[in-house]
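Peer 1: My structure is stored as run.cif, with mmCIF, C-alpha atoms.
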data_data
loop_
_atom_site.group_PDB
_atom_site.id
_atom_site.type_symbol
_atom_site.label_atom_id
_atom_site.label_comp_id
_atom_site.auth_asym_id
_atom_site.auth_seq_id
_atom_site.Cartn_x
_atom_site.Cartn_y
_atom_site.Cartn_z
ATOM 1 C CA MET C 1 24.660 -26.365 51.027
ATOM 2 C CA SER C 2 24.254 -29.185 48.574
ATOM 3 C CA ASP C 3 20.450 -29.030 48.790
ATOM 4 C CA ARG C 4 20.510 -25.290 48.157
ATOM 5 C CA GLY C 5 22.875 -25.806 45.291
ATOM 6 C CA LEU C 6 20.558 -28.373 43.746
ATOM 7 C CA VAL C 7 17.573 -26.077 44.071
ATOM 8 C CA PHE C 8 19.512 -23.170 42.576
ATOM 9 C CA SER C 9 20.800 -25.104 39.601
ATOM 10 C CA ALA C 10 17.365 -26.620 39.008
ATOM 11 C CA GLY C 11 15.859 -23.149 38.931
ATOM 12 C CA ARG C 12 18.101 -21.882 36.153
ATOM 13 C CA PRO C 13 16.445 -23.848 33.328
ATOM 14 C CA ASN C 14 13.068 -22.552 34.495
ATOM 15 C CA GLN C 15 14.400 -19.014 34.416
ATOM 16 C CA ARG C 16 15.759 -19.554 30.933
ATOM 17 C CA VAL C 17 12.438 -21.028 29.799
ATOM 18 C CA SER C 18 10.554 -18.062 31.290
ATOM 19 C CA ALA C 19 12.887 -15.597 29.584
ATOM 20 C CA ALA C 20 12.505 -17.413 26.259
ATOM 21 C CA ALA C 21 8.709 -17.486 26.653
ATOM 22 C CA ALA C 22 8.666 -13.765 27.460
ATOM 23 C CA ALA C 23 10.814 -12.996 24.412
ATOM 24 C CA ALA C 24 8.582 -15.111 22.179
ATOM 25 C CA SER C 25 5.484 -13.420 23.587
ATOM 26 C CA GLY C 26 7.016 -9.998 23.003
ATOM 27 C CA SER C 27 7.839 -10.848 19.388
ATOM 28 C CA SER C 28 4.348 -12.212 18.819
ATOM 29 C CA ASN C 29 2.822 -9.110 20.405
ATOM 30 C CA LYS C 30 4.826 -6.856 18.102
ATOM 31 C CA SER C 31 3.381 -8.554 15.032
ATOM 32 C CA LEU C 32 -0.134 -8.292 16.468
ATOM 33 C CA LYS C 33 0.433 -4.643 17.351
ATOM 34 C CA GLY C 34 1.582 -4.092 13.760
ATOM 35 C CA ILE C 35 -1.617 -5.650 12.407
ATOM 36 C CA ILE C 36 -3.899 -3.526 14.608
ATOM 37 C CA ALA C 37 -1.936 -0.289 14.171
ATOM 38 C CA GLY C 38 -1.725 -0.919 10.430
ATOM 39 C CA GLY C 39 -5.480 -1.438 10.107
ATOM 40 C CA ILE C 40 -6.293 1.806 11.940
ATOM 41 C CA THR C 41 -3.693 3.639 9.857
ATOM 42 C CA GLY C 42 -5.134 2.375 6.577
ATOM 43 C CA GLY C 43 -8.664 3.570 7.326
ATOM 44 C CA MET C 44 -7.547 7.050 8.389
ATOM 45 C CA GLU C 45 -5.114 7.546 5.524
ATOM 46 C CA ILE C 46 -7.462 6.670 2.663
ATOM 47 C CA CYS C 47 -10.146 9.121 3.821
ATOM 48 C CA ILE C 48 -7.577 11.920 3.572
ATOM 49 C CA THR C 49 -5.971 11.072 0.231
ATOM 50 C CA PHE C 50 -8.677 9.432 -1.917
ATOM 51 C CA PRO C 51 -9.386 12.314 -4.384
ATOM 52 C CA THR C 52 -5.816 12.166 -5.729
ATOM 53 C CA GLU C 53 -6.180 8.392 -6.228
ATOM 54 C CA TYR C 54 -9.413 9.007 -8.158
ATOM 55 C CA VAL C 55 -7.742 11.555 -10.474
ATOM 56 C CA LYS C 56 -4.727 9.291 -11.057
ATOM 57 C CA THR C 57 -6.965 6.367 -12.038
ATOM 58 C CA GLN C 58 -9.062 8.496 -14.392
ATOM 59 C CA LEU C 59 -5.972 9.770 -16.209
ATOM 60 C CA GLN C 60 -4.556 6.254 -16.563
ATOM 61 C CA LEU C 61 -7.848 4.987 -18.034
ATOM 62 C CA ASP C 62 -8.013 7.899 -20.519
ATOM 63 C CA GLU C 63 -6.352 5.884 -23.281
ATOM 64 C CA LYS C 64 -7.913 7.063 -26.563
ATOM 65 C CA VAL C 65 -5.404 7.007 -29.414
ATOM 66 C CA GLY C 66 -5.681 9.454 -32.326
ATOM 67 C CA ALA C 67 -8.671 11.262 -30.801
ATOM 68 C CA GLN C 68 -9.310 14.025 -28.307
ATOM 69 C CA LYS C 69 -8.726 12.787 -24.775
ATOM 70 C CA ARG C 70 -11.374 13.466 -22.177
ATOM 71 C CA TYR C 71 -9.006 15.182 -19.730
ATOM 72 C CA LYS C 72 -6.223 17.669 -20.435
ATOM 73 C CA GLY C 73 -4.502 16.999 -17.130
ATOM 74 C CA PRO C 74 -5.084 16.431 -13.415
ATOM 75 C CA ILE C 75 -6.566 19.905 -12.761
ATOM 76 C CA ASP C 76 -8.914 19.560 -15.732
ATOM 77 C CA CYS C 77 -9.949 16.103 -14.465
ATOM 78 C CA VAL C 78 -10.937 17.648 -11.116
ATOM 79 C CA LYS C 79 -12.861 20.489 -12.828
ATOM 80 C CA VAL C 80 -14.756 18.141 -15.166
ATOM 81 C CA THR C 81 -15.632 15.725 -12.366
ATOM 82 C CA VAL C 82 -16.872 18.453 -10.007
ATOM 83 C CA ARG C 83 -18.840 20.159 -12.818
ATOM 84 C CA GLU C 84 -20.546 16.934 -13.932
ATOM 85 C CA ARG C 85 -20.948 15.057 -10.645
ATOM 86 C CA GLY C 86 -20.328 17.543 -7.841
ATOM 87 C CA PHE C 87 -17.538 17.572 -5.274
ATOM 88 C CA PHE C 88 -18.354 14.102 -3.983
ATOM 89 C CA GLY C 89 -17.807 12.745 -7.478
ATOM 90 C CA LEU C 90 -14.116 12.814 -6.509
ATOM 91 C CA TYR C 91 -14.972 10.183 -3.895
ATOM 92 C CA ARG C 92 -16.555 7.689 -6.297
ATOM 93 C CA GLY C 93 -15.195 4.281 -5.332
ATOM 94 C CA LEU C 94 -14.159 5.367 -1.810
ATOM 95 C CA SER C 95 -16.285 2.665 -0.206
ATOM 96 C CA VAL C 96 -14.318 0.020 -2.084
ATOM 97 C CA LEU C 97 -11.008 1.340 -0.781
ATOM 98 C CA LEU C 98 -12.376 1.730 2.740
ATOM 99 C CA TYR C 99 -13.416 -1.921 2.755
ATOM 100 C CA GLY C 100 -9.973 -2.886 1.507
ATOM 101 C CA SER C 101 -7.584 -0.356 3.050
ATOM 102 C CA ILE C 102 -7.937 -1.614 6.592
ATOM 103 C CA PRO C 103 -6.978 -5.244 5.809
ATOM 104 C CA LYS C 104 -4.398 -4.078 3.241
ATOM 105 C CA SER C 105 -2.528 -1.923 5.719
ATOM 106 C CA ALA C 106 -2.943 -4.509 8.468
ATOM 107 C CA VAL C 107 -1.428 -7.232 6.289
ATOM 108 C CA ARG C 108 1.391 -4.941 5.123
ATOM 109 C CA PHE C 109 2.608 -3.838 8.536
ATOM 110 C CA GLY C 110 1.874 -7.128 10.258
ATOM 111 C CA ALA C 111 3.837 -9.011 7.593
ATOM 112 C CA PHE C 112 6.709 -6.524 7.728
ATOM 113 C CA GLU C 113 6.971 -6.809 11.523
ATOM 114 C CA GLU C 114 6.959 -10.605 11.221
ATOM 115 C CA PHE C 115 9.605 -10.658 8.476
ATOM 116 C CA LYS C 116 11.658 -8.085 10.379
ATOM 117 C CA LYS C 117 11.485 -10.180 13.543
ATOM 118 C CA ARG C 118 12.740 -13.246 11.681
ATOM 119 C CA ASN C 119 15.571 -11.459 9.862
ATOM 120 C CA SER C 120 16.971 -9.060 12.478
ATOM 121 C CA ASP C 121 20.322 -9.702 14.138
ATOM 122 C CA ALA C 122 20.821 -10.035 17.910
ATOM 123 C CA GLN C 123 20.644 -6.228 18.325
ATOM 124 C CA GLY C 124 17.420 -6.001 16.324
ATOM 125 C CA ASN C 125 19.089 -4.462 13.242
ATOM 126 C CA LEU C 126 18.440 -5.278 9.588
ATOM 127 C CA SER C 127 20.993 -5.157 6.790
ATOM 128 C CA THR C 128 20.139 -3.083 3.702
ATOM 129 C CA GLY C 129 19.382 -6.184 1.658
ATOM 130 C CA ARG C 130 17.103 -7.617 4.334
ATOM 131 C CA LYS C 131 15.210 -4.350 4.696
ATOM 132 C CA PHE C 132 14.488 -4.536 0.975
ATOM 133 C CA LEU C 133 13.444 -8.204 1.143
ATOM 134 C CA CYS C 134 11.204 -7.669 4.194
ATOM 135 C CA GLY C 135 9.444 -4.817 2.393
ATOM 136 C CA LEU C 136 9.154 -6.946 -0.747
ATOM 137 C CA GLY C 137 7.570 -9.785 1.217
ATOM 138 C CA ALA C 138 5.140 -7.410 2.924
ATOM 139 C CA GLY C 139 4.102 -5.957 -0.444
ATOM 140 C CA ILE C 140 3.534 -9.376 -2.014
ATOM 141 C CA CYS C 141 1.434 -10.478 0.978
ATOM 142 C CA GLU C 142 -0.812 -7.422 0.750
ATOM 143 C CA ALA C 143 -1.132 -7.846 -3.028
ATOM 144 C CA ILE C 144 -2.425 -11.401 -2.677
ATOM 145 C CA PHE C 145 -4.647 -11.067 0.378
ATOM 146 C CA ALA C 146 -6.088 -7.552 -0.018
ATOM 147 C CA VAL C 147 -4.907 -5.245 -2.792
ATOM 148 C CA THR C 148 -5.724 -7.181 -5.983
ATOM 149 C CA PRO C 149 -9.449 -7.775 -5.337
ATOM 150 C CA MET C 150 -9.849 -4.306 -3.825
ATOM 151 C CA GLU C 151 -8.063 -2.518 -6.679
ATOM 152 C CA THR C 152 -9.865 -4.525 -9.368
ATOM 153 C CA VAL C 153 -13.295 -3.597 -8.030
ATOM 154 C CA LYS C 154 -12.230 0.035 -7.458
ATOM 155 C CA VAL C 155 -10.949 0.458 -11.024
ATOM 156 C CA LYS C 156 -14.094 -1.150 -12.468
ATOM 157 C CA PHE C 157 -16.248 1.233 -10.393
ATOM 158 C CA ILE C 158 -14.393 4.320 -11.627
ATOM 159 C CA ASN C 159 -14.303 3.001 -15.199
ATOM 160 C CA ASP C 160 -18.032 2.227 -15.042
ATOM 161 C CA GLN C 161 -18.717 5.875 -14.179
ATOM 162 C CA ASN C 162 -17.491 6.907 -17.638
ATOM 163 C CA SER C 163 -19.900 4.622 -19.489
ATOM 164 C CA ALA C 164 -23.186 5.921 -20.909
ATOM 165 C CA ASN C 165 -25.249 3.684 -18.625
ATOM 166 C CA PRO C 166 -23.415 2.881 -15.363
ATOM 167 C CA LYS C 167 -24.443 -0.559 -14.127
ATOM 168 C CA PHE C 168 -22.899 -0.692 -10.641
ATOM 169 C CA ARG C 169 -25.258 0.670 -7.984
ATOM 170 C CA GLY C 170 -22.923 0.186 -5.036
ATOM 171 C CA PHE C 171 -20.047 -1.836 -3.629
ATOM 172 C CA PHE C 172 -21.814 -5.110 -2.899
ATOM 173 C CA HIS C 173 -23.911 -4.904 -6.059
ATOM 174 C CA GLY C 174 -20.757 -4.288 -8.088
ATOM 175 C CA VAL C 175 -18.908 -7.222 -6.521
ATOM 176 C CA ARG C 176 -21.931 -9.465 -7.057
ATOM 177 C CA GLU C 177 -22.149 -8.462 -10.742
ATOM 178 C CA ILE C 178 -18.423 -8.958 -11.329
ATOM 179 C CA VAL C 179 -18.453 -12.412 -9.714
ATOM 180 C CA ARG C 180 -21.648 -13.385 -11.556
ATOM 181 C CA GLU C 181 -20.261 -12.383 -14.960
ATOM 182 C CA GLN C 182 -16.593 -13.308 -14.578
ATOM 183 C CA GLY C 183 -16.399 -15.575 -11.548
ATOM 184 C CA LEU C 184 -14.067 -15.057 -8.592
ATOM 185 C CA ARG C 185 -11.248 -14.698 -11.110
ATOM 186 C CA GLY C 186 -12.841 -11.405 -12.168
ATOM 187 C CA CYS C 187 -11.750 -9.923 -8.826
ATOM 188 C CA TYR C 188 -8.172 -11.072 -9.391
ATOM 189 C CA GLN C 189 -7.398 -9.454 -12.714
ATOM 190 C CA GLY C 190 -3.861 -8.118 -12.893
ATOM 191 C CA LEU C 191 -2.597 -10.233 -9.961
ATOM 192 C CA THR C 192 0.908 -10.526 -11.420
ATOM 193 C CA ALA C 193 1.156 -6.792 -12.119
ATOM 194 C CA THR C 194 -0.229 -6.002 -8.660
ATOM 195 C CA MET C 195 2.313 -8.265 -6.963
ATOM 196 C CA MET C 196 5.063 -6.542 -8.950
ATOM 197 C CA LYS C 197 3.689 -3.113 -8.061
ATOM 198 C CA GLN C 198 3.062 -3.715 -4.358
ATOM 199 C CA GLY C 199 6.222 -5.725 -3.896
ATOM 200 C CA SER C 200 8.424 -3.037 -5.450
ATOM 201 C CA ASN C 201 6.421 -0.289 -3.699
ATOM 202 C CA GLN C 202 6.900 -1.622 -0.209
ATOM 203 C CA ALA C 203 10.452 -2.823 -0.845
ATOM 204 C CA ILE C 204 11.463 0.723 -1.827
ATOM 205 C CA ARG C 205 9.422 2.449 0.897
ATOM 206 C CA PHE C 206 10.472 0.300 3.837
ATOM 207 C CA LEU C 207 14.081 0.315 2.651
ATOM 208 C CA VAL C 208 14.156 4.120 2.441
ATOM 209 C CA VAL C 209 12.240 4.766 5.689
ATOM 210 C CA GLU C 210 14.138 2.191 7.759
ATOM 211 C CA SER C 211 17.481 3.373 6.355
ATOM 212 C CA LEU C 212 16.694 7.029 7.088
ATOM 213 C CA LYS C 213 15.576 6.119 10.604
ATOM 214 C CA ASP C 214 18.816 4.198 11.198
ATOM 215 C CA TRP C 215 20.808 7.129 9.821
ATOM 216 C CA TYR C 216 19.031 9.552 12.164
ATOM 217 C CA ARG C 217 19.520 7.292 15.192
ATOM 218 C CA GLY C 218 23.236 7.069 14.383
ATOM 219 C CA TYR C 219 23.407 10.833 13.895
ATOM 220 C CA ARG C 220 21.999 11.539 17.364
ATOM 221 C CA GLY C 221 23.871 8.647 19.001
ATOM 222 C CA ASP C 222 20.828 6.521 19.896
ATOM 223 C CA THR C 223 22.549 3.138 19.979
ATOM 224 C CA ASP C 224 19.749 1.177 21.694
ATOM 225 C CA ASN C 225 16.932 2.370 19.379
ATOM 226 C CA THR C 226 14.694 3.283 22.325
ATOM 227 C CA ARG C 227 14.119 7.006 21.789
ATOM 228 C CA PRO C 228 11.177 7.824 19.490
ATOM 229 C CA ILE C 229 11.851 9.723 16.286
ATOM 230 C CA PRO C 230 9.940 13.054 15.964
ATOM 231 C CA LYS C 231 6.728 12.479 14.025
ATOM 232 C CA LEU C 232 7.305 15.360 11.616
ATOM 233 C CA LEU C 233 10.678 13.874 10.722
ATOM 234 C CA THR C 234 9.075 10.460 10.271
ATOM 235 C CA GLY C 235 6.608 12.101 7.884
ATOM 236 C CA MET C 236 9.465 13.651 5.902
ATOM 237 C CA PHE C 237 11.166 10.252 5.661
ATOM 238 C CA GLY C 238 7.868 8.791 4.447
ATOM 239 C CA ALA C 239 7.450 11.504 1.788
ATOM 240 C CA VAL C 240 10.959 10.790 0.438
ATOM 241 C CA ALA C 241 10.184 7.058 0.376
ATOM 242 C CA GLY C 242 6.895 7.722 -1.421
ATOM 243 C CA ALA C 243 8.570 9.801 -4.131
ATOM 244 C CA ALA C 244 11.209 7.116 -4.656
ATOM 245 C CA SER C 245 8.529 4.450 -5.109
ATOM 246 C CA VAL C 246 6.558 6.576 -7.595
ATOM 247 C CA PHE C 247 9.481 7.093 -9.943
ATOM 248 C CA GLY C 248 10.499 3.476 -9.485
ATOM 249 C CA ASN C 249 7.240 1.753 -10.366
ATOM 250 C CA THR C 250 4.689 4.030 -12.086
ATOM 251 C CA PRO C 251 4.991 1.997 -15.349
ATOM 252 C CA ILE C 252 3.954 -1.110 -13.407
ATOM 253 C CA ASP C 253 1.039 0.825 -11.897
ATOM 254 C CA VAL C 254 -0.205 1.891 -15.341
ATOM 255 C CA VAL C 255 -0.106 -1.698 -16.637
ATOM 256 C CA LYS C 256 -1.884 -2.919 -13.489
ATOM 257 C CA THR C 257 -4.643 -0.321 -13.894
ATOM 258 C CA ARG C 258 -5.214 -1.274 -17.540
ATOM 259 C CA MET C 259 -5.323 -4.970 -16.631
ATOM 260 C CA GLN C 260 -8.052 -4.265 -14.067
ATOM 261 C CA GLY C 261 -10.240 -1.888 -16.125
ATOM 262 C CA LEU C 262 -13.434 -2.740 -18.003
ATOM 263 C CA GLU C 263 -11.360 -3.006 -21.210
ATOM 264 C CA ALA C 264 -9.022 -5.603 -19.698
ATOM 265 C CA HIS C 265 -10.237 -8.202 -22.227
ATOM 266 C CA LYS C 266 -8.058 -6.462 -24.856
ATOM 267 C CA TYR C 267 -4.933 -7.779 -23.149
ATOM 268 C CA ARG C 268 -3.899 -11.418 -23.158
ATOM 269 C CA SER C 269 -1.417 -11.013 -20.312
ATOM 270 C CA THR C 270 0.604 -8.462 -18.351
ATOM 271 C CA ALA C 271 3.412 -8.662 -20.915
ATOM 272 C CA HIS C 272 0.963 -8.192 -23.811
ATOM 273 C CA CYS C 273 -0.526 -5.133 -22.096
ATOM 274 C CA PHE C 274 2.951 -3.631 -21.689
ATOM 275 C CA VAL C 275 3.853 -4.226 -25.359
ATOM 276 C CA LYS C 276 0.494 -2.894 -26.610
ATOM 277 C CA ILE C 277 0.823 0.350 -24.624
ATOM 278 C CA TRP C 278 4.418 0.804 -25.826
ATOM 279 C CA ARG C 279 3.502 0.293 -29.504
ATOM 280 C CA GLU C 280 0.234 2.239 -29.627
ATOM 281 C CA GLU C 281 0.820 5.072 -27.145
ATOM 282 C CA GLY C 282 4.571 5.351 -26.740
ATOM 283 C CA PRO C 283 6.839 5.102 -23.667
ATOM 284 C CA LEU C 284 5.507 8.308 -22.064
ATOM 285 C CA ALA C 285 2.156 6.564 -21.613
ATOM 286 C CA PHE C 286 3.755 4.536 -18.825
ATOM 287 C CA TYR C 287 4.017 7.724 -16.777
ATOM 288 C CA LYS C 288 0.407 8.831 -17.111
ATOM 289 C CA GLY C 289 -0.929 10.090 -13.833
ATOM 290 C CA THR C 290 2.553 10.608 -12.373
ATOM 291 C CA VAL C 291 1.844 14.121 -11.054
ATOM 292 C CA PRO C 292 -1.357 13.278 -9.149
ATOM 293 C CA ARG C 293 0.156 9.977 -8.060
ATOM 294 C CA LEU C 294 3.292 11.741 -6.802
ATOM 295 C CA SER C 295 1.284 14.206 -4.728
ATOM 296 C CA ARG C 296 -0.962 11.465 -3.392
ATOM 297 C CA VAL C 297 1.765 8.933 -2.617
ATOM 298 C CA CYS C 298 4.108 11.382 -0.878
ATOM 299 C CA LEU C 299 1.232 12.576 1.314
ATOM 300 C CA ASP C 300 -0.051 9.022 1.716
ATOM 301 C CA VAL C 301 3.250 7.481 2.824
ATOM 302 C CA ALA C 302 4.114 10.434 5.077
ATOM 303 C CA ILE C 303 0.730 10.224 6.840
ATOM 304 C CA THR C 304 0.869 6.433 7.000
ATOM 305 C CA PHE C 305 4.210 6.210 8.768
ATOM 306 C CA MET C 306 3.375 9.080 11.122
ATOM 307 C CA ILE C 307 0.083 7.472 12.182
ATOM 308 C CA TYR C 308 1.556 3.982 12.352
ATOM 309 C CA ASP C 309 4.533 5.009 14.489
ATOM 310 C CA SER C 310 2.215 6.964 16.806
ATOM 311 C CA PHE C 311 -0.021 3.956 17.421
ATOM 312 C CA MET C 312 2.942 1.597 17.843
ATOM 313 C CA GLU C 313 4.419 3.917 20.485
ATOM 314 C CA LEU C 314 1.036 4.073 22.235
ATOM 315 C CA PHE C 315 0.657 0.291 22.148
ATOM 316 C CA ASN C 316 4.171 -0.202 23.453
ATOM 317 C CA LYS C 317 3.344 1.981 26.470
ATOM 318 C CA LEU C 318 -0.027 0.414 27.241
ATOM 319 C CA TRP C 319 0.477 -3.156 26.018
ATOM 320 C CA ASN C 320 3.525 -4.974 27.426
#
What do you get writing this file as C-alpha cells?
Peer 2:
Amino acid sequence: MSDRGLVFSAGRPNQRVSAAAAAASGSSNKSLKGIIAGGITGGMEICITFPTEYVKTQLQLDEKVGAQKRYKGPIDCVKVTVRERGFFGLYRGLSVLLYGSIPKSAVRFGAFEEFKKRNSDAQGNLSTGRKFLCGLGAGICEAIFAVTPMETVKVKFINDQNSANPKFRGFFHGVREIVREQGLRGCYQGLTATMMKQGSNQAIRFLVVESLKDWYRGYRGDTDNTRPIPKLLTGMFGAVAGAASVFGNTPIDVVKTRMQGLEAHKYRSTAHCFVKIWREEGPLAFYKGTVPRLSRVCLDVAITFMIYDSFMELFNKLWN
C-alpha cells in the first residue's frame, strides 16, 4: 500500500505539470491562430472594400481654400475618377494596401488575442475597461509595425496621381523613391497621429464587438461561451462597432492623412496640422470623407469580424 501511495502521490505533480503545459500550449496556439486568421481576413477584406478607401482619401486630400474644389462629393469623386482613369482608377494604390493589410490584420488580431489571454479572469472574461485597453494595445501595435508605413506610401501614391506628372511607377519604385528622397523616416510620417487613430479605432471596435457578444451570450444563456454566434449577427455587431469608431475618430484620420500626403512638409507636427486645418478650413474640415468612410468602415468591420470568427472556429475544430 505504501509503495502504491508513493507512486500515486509522485504522479500528481507530473499531472499538474502536464495540465499546465497543455494550458500554456492552448493559449499560445490561440495567439498563433489569431495571427493566421487575421492575415487571411485582411487580404480578403481589402479587396472588397478598397474603392471606398480611395474615395475617402481623395476627399481628405482635396484641401484647396478659397478656390473651386476638385470634387463636389463622394459620388462626383467616383464619376471623375472613372471618366478620367477608367473603373480600375478606383483601385489605384490597392497593391500597397494588399502588401500591408495581411500583416496589419495579423498583428491586430494576434496582439488582441495575446492581450486578452493575459487580462482575462479565470472564466476567460474581460471587464469593460480591459476590453478597451486590449483593443487599444492591438491598435497601437498595428500602427507601429504595419499601418504607418503602409498608409504613408498609399496616401503618397494616391496624392501623386493628382499631380501633372506622376512619378511613382509602382509599389516598389514608389517605396524606393520615398526612401531615397526622405530616408526611412519618409515611410513613418504621421506615426503619432496613426497610433492615435489605430489605437482609438481598435479600442472602440473591440470594446463594442466583445460587449455585444457578451450581451448576446447572456441573453441566450450561454454561460460557458462555447456556442458560436451566428455570422450574420457577428457582422451586425461589427457594423455597429465600425460606425462608432468613425464618429469617434474621423478628425484624427483627417490629420493623419494630411501628415502623410505629398504636402506634409507644410506641417511642423501633428498638433500644428490640427491647428492649421482648424484656422484655415474650419471645424467641419475634420469630418471630410465621413460618408464614404462610414460606408467603407461599417462594411469593412462587419466583413472582418465575420471572416475572422469563421476561420477561428475552423482552426479550433482542426487544430487542437
Peer 1: Report, in Å with one decimal, the straight-line distance from atom CA of Tyr188 of chain C to atom CA of Asn159 of chain C.
Peer 2: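 Here the two named atoms are 16.4 Å from each other.
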Peer 1: Contacts between segment 292-309 of chain C and segment 115-224 of chain C, please, where a residue of segment 115-224 of chain C counts if it comes within 12 Å (with all atoms listed in the file); show its shortest atom pair and distance in Å to one decimal, rows by chain and ascending number, as JSON lines.
Peer 2:
{"residue": "C:Asn201", "atom": "CA", "partner": "C:Val297", "partner_atom": "CA", "distance": 10.4}
{"residue": "C:Gln202", "atom": "CA", "partner": "C:Val301", "partner_atom": "CA", "distance": 10.3}
{"residue": "C:Ile204", "atom": "CA", "partner": "C:Val301", "partner_atom": "CA", "distance": 11.6}
{"residue": "C:Arg205", "atom": "CA", "partner": "C:Val301", "partner_atom": "CA", "distance": 8.2}
{"residue": "C:Phe206", "atom": "CA", "partner": "C:Phe305", "partner_atom": "CA", "distance": 9.9}
{"residue": "C:Val208", "atom": "CA", "partner": "C:Val301", "partner_atom": "CA", "distance": 11.4}
{"residue": "C:Val209", "atom": "CA", "partner": "C:Phe305", "partner_atom": "CA", "distance": 8.7}
{"residue": "C:Glu210", "atom": "CA", "partner": "C:Phe305", "partner_atom": "CA", "distance": 10.8}
{"residue": "C:Lys213", "atom": "CA", "partner": "C:Phe305", "partner_atom": "CA", "distance": 11.5}
Peer 1: Please produce an output containing C-alpha atoms for each residue in the selection, written as a CSV table (one decimal), in the coordinates of the input.
Peer 2:
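Dumped everything to part_22.csv:
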chain,number,residue,atom,x,y,z
C,201,ASN,CA,6.4,-0.3,-3.7
C,202,GLN,CA,6.9,-1.6,-0.2
C,204,ILE,CA,11.5,0.7,-1.8
C,205,ARG,CA,9.4,2.4,0.9
C,206,PHE,CA,10.5,0.3,3.8
C,208,VAL,CA,14.2,4.1,2.4
C,209,VAL,CA,12.2,4.8,5.7
C,210,GLU,CA,14.1,2.2,7.8
C,213,LYS,CA,15.6,6.1,10.6
Peer 1: Would you kindly translate the PyMOL selection byres ((chain C and resi 92) around 9) into the concrete residues it picks from this file, as a PyMOL selection string?
Peer 2: chain C and resi 51+54+88-91+93-95+154+157-158+161
Peer 1: May I ask for the distance between atom CA of Ile252 of chain C and atom CA of Ala37 of chain C, given in Å to one decimal place?
Peer 2: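 Going from atom CA of Ile252 of chain C over to atom CA of Ala37 of chain C covers 28.2 Å.
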Peer 1: From the options C:Asp62, C:Asp253, C:Asp222, C:Glu151, which residue's atoms come nearest to Phe286 of chain C, counting all atoms listed in the file?
Peer 2: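 Counting all atoms listed in the file, the residue closest to Phe286 of chain C is C:Asp253.
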Peer 1: Near Ala143 of chain C, counting all atoms listed in the file, which residues have an atom at most 10 Å away, once you skip same-chain residues fewer than 6 positions from it, shown as a JSON list (two decimals) with C-alpha atoms, keeping the file's coordinate frame?
Peer 2:
[["chain", "number", "residue", "atom", "x", "y", "z"],
["C", 104, "LYS", "CA", -4.40, -4.08, 3.24],
["C", 107, "VAL", "CA", -1.43, -7.23, 6.29],
["C", 108, "ARG", "CA", 1.39, -4.94, 5.12],
["C", 137, "GLY", "CA", 7.57, -9.78, 1.22],
["C", 149, "PRO", "CA", -9.45, -7.78, -5.34],
["C", 150, "MET", "CA", -9.85, -4.31, -3.82],
["C", 151, "GLU", "CA", -8.06, -2.52, -6.68],
["C", 191, "LEU", "CA", -2.60, -10.23, -9.96],
["C", 192, "THR", "CA", 0.91, -10.53, -11.42],
["C", 193, "ALA", "CA", 1.16, -6.79, -12.12],
["C", 194, "THR", "CA", -0.23, -6.00, -8.66],
["C", 195, "MET", "CA", 2.31, -8.26, -6.96],
["C", 196, "MET", "CA", 5.06, -6.54, -8.95],
["C", 197, "LYS", "CA", 3.69, -3.11, -8.06],
["C", 198, "GLN", "CA", 3.06, -3.72, -4.36],
["C", 199, "GLY", "CA", 6.22, -5.72, -3.90]]
Peer 1: Applied to the shown file, which residues does the PyMOL selection byres ((chain C and resi 61) around 9) return, written as JSON, numbers by chain?
Peer 2: {"C": [56, 57, 58, 59, 60, 62, 63, 64, 155, 159, 254, 257, 258, 261]}
Peer 1: Taking all atoms listed in the file into account, which of C:Arg185, C:His272, C:Arg169, C:Lys33 comes nearest Leu318 of chain C?
Peer 2: C:Lys33
Peer 1: Can segment 190-197 of chain C be brought up to N, CA, C and O atoms and written out as a JSON list (two decimals), keeping the file's coordinate frame?
Peer 2:
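Saved to part29.json:
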[["chain", "number", "residue", "atom", "x", "y", "z"],
["C", 190, "GLY", "N", -5.09, -8.88, -13.11],
["C", 190, "GLY", "CA", -3.86, -8.12, -12.89],
["C", 190, "GLY", "C", -3.10, -8.53, -11.64],
["C", 190, "GLY", "O", -2.35, -7.72, -11.09],
["C", 191, "LEU", "N", -3.28, -9.79, -11.19],
["C", 191, "LEU", "CA", -2.60, -10.23, -9.96],
["C", 191, "LEU", "C", -1.07, -10.12, -10.09],
["C", 191, "LEU", "O", -0.40, -9.62, -9.19],
["C", 192, "THR", "N", -0.55, -10.57, -11.24],
["C", 192, "THR", "CA", 0.91, -10.53, -11.42],
["C", 192, "THR", "C", 1.42, -9.09, -11.37],
["C", 192, "THR", "O", 2.41, -8.79, -10.68],
["C", 193, "ALA", "N", 0.74, -8.20, -12.11],
["C", 193, "ALA", "CA", 1.16, -6.79, -12.12],
["C", 193, "ALA", "C", 1.02, -6.16, -10.74],
["C", 193, "ALA", "O", 1.85, -5.35, -10.33],
["C", 194, "THR", "N", -0.03, -6.56, -10.00],
["C", 194, "THR", "CA", -0.23, -6.00, -8.66],
["C", 194, "THR", "C", 0.85, -6.48, -7.70],
["C", 194, "THR", "O", 1.35, -5.71, -6.87],
["C", 195, "MET", "N", 1.23, -7.75, -7.80],
["C", 195, "MET", "CA", 2.31, -8.26, -6.96],
["C", 195, "MET", "C", 3.62, -7.54, -7.27],
["C", 195, "MET", "O", 4.38, -7.20, -6.36],
["C", 196, "MET", "N", 3.86, -7.28, -8.56],
["C", 196, "MET", "CA", 5.06, -6.54, -8.95],
["C", 196, "MET", "C", 5.01, -5.12, -8.40],
["C", 196, "MET", "O", 6.00, -4.61, -7.86],
["C", 197, "LYS", "N", 3.83, -4.49, -8.52],
["C", 197, "LYS", "CA", 3.69, -3.11, -8.06],
["C", 197, "LYS", "C", 3.83, -3.02, -6.55],
["C", 197, "LYS", "O", 4.63, -2.23, -6.03]]
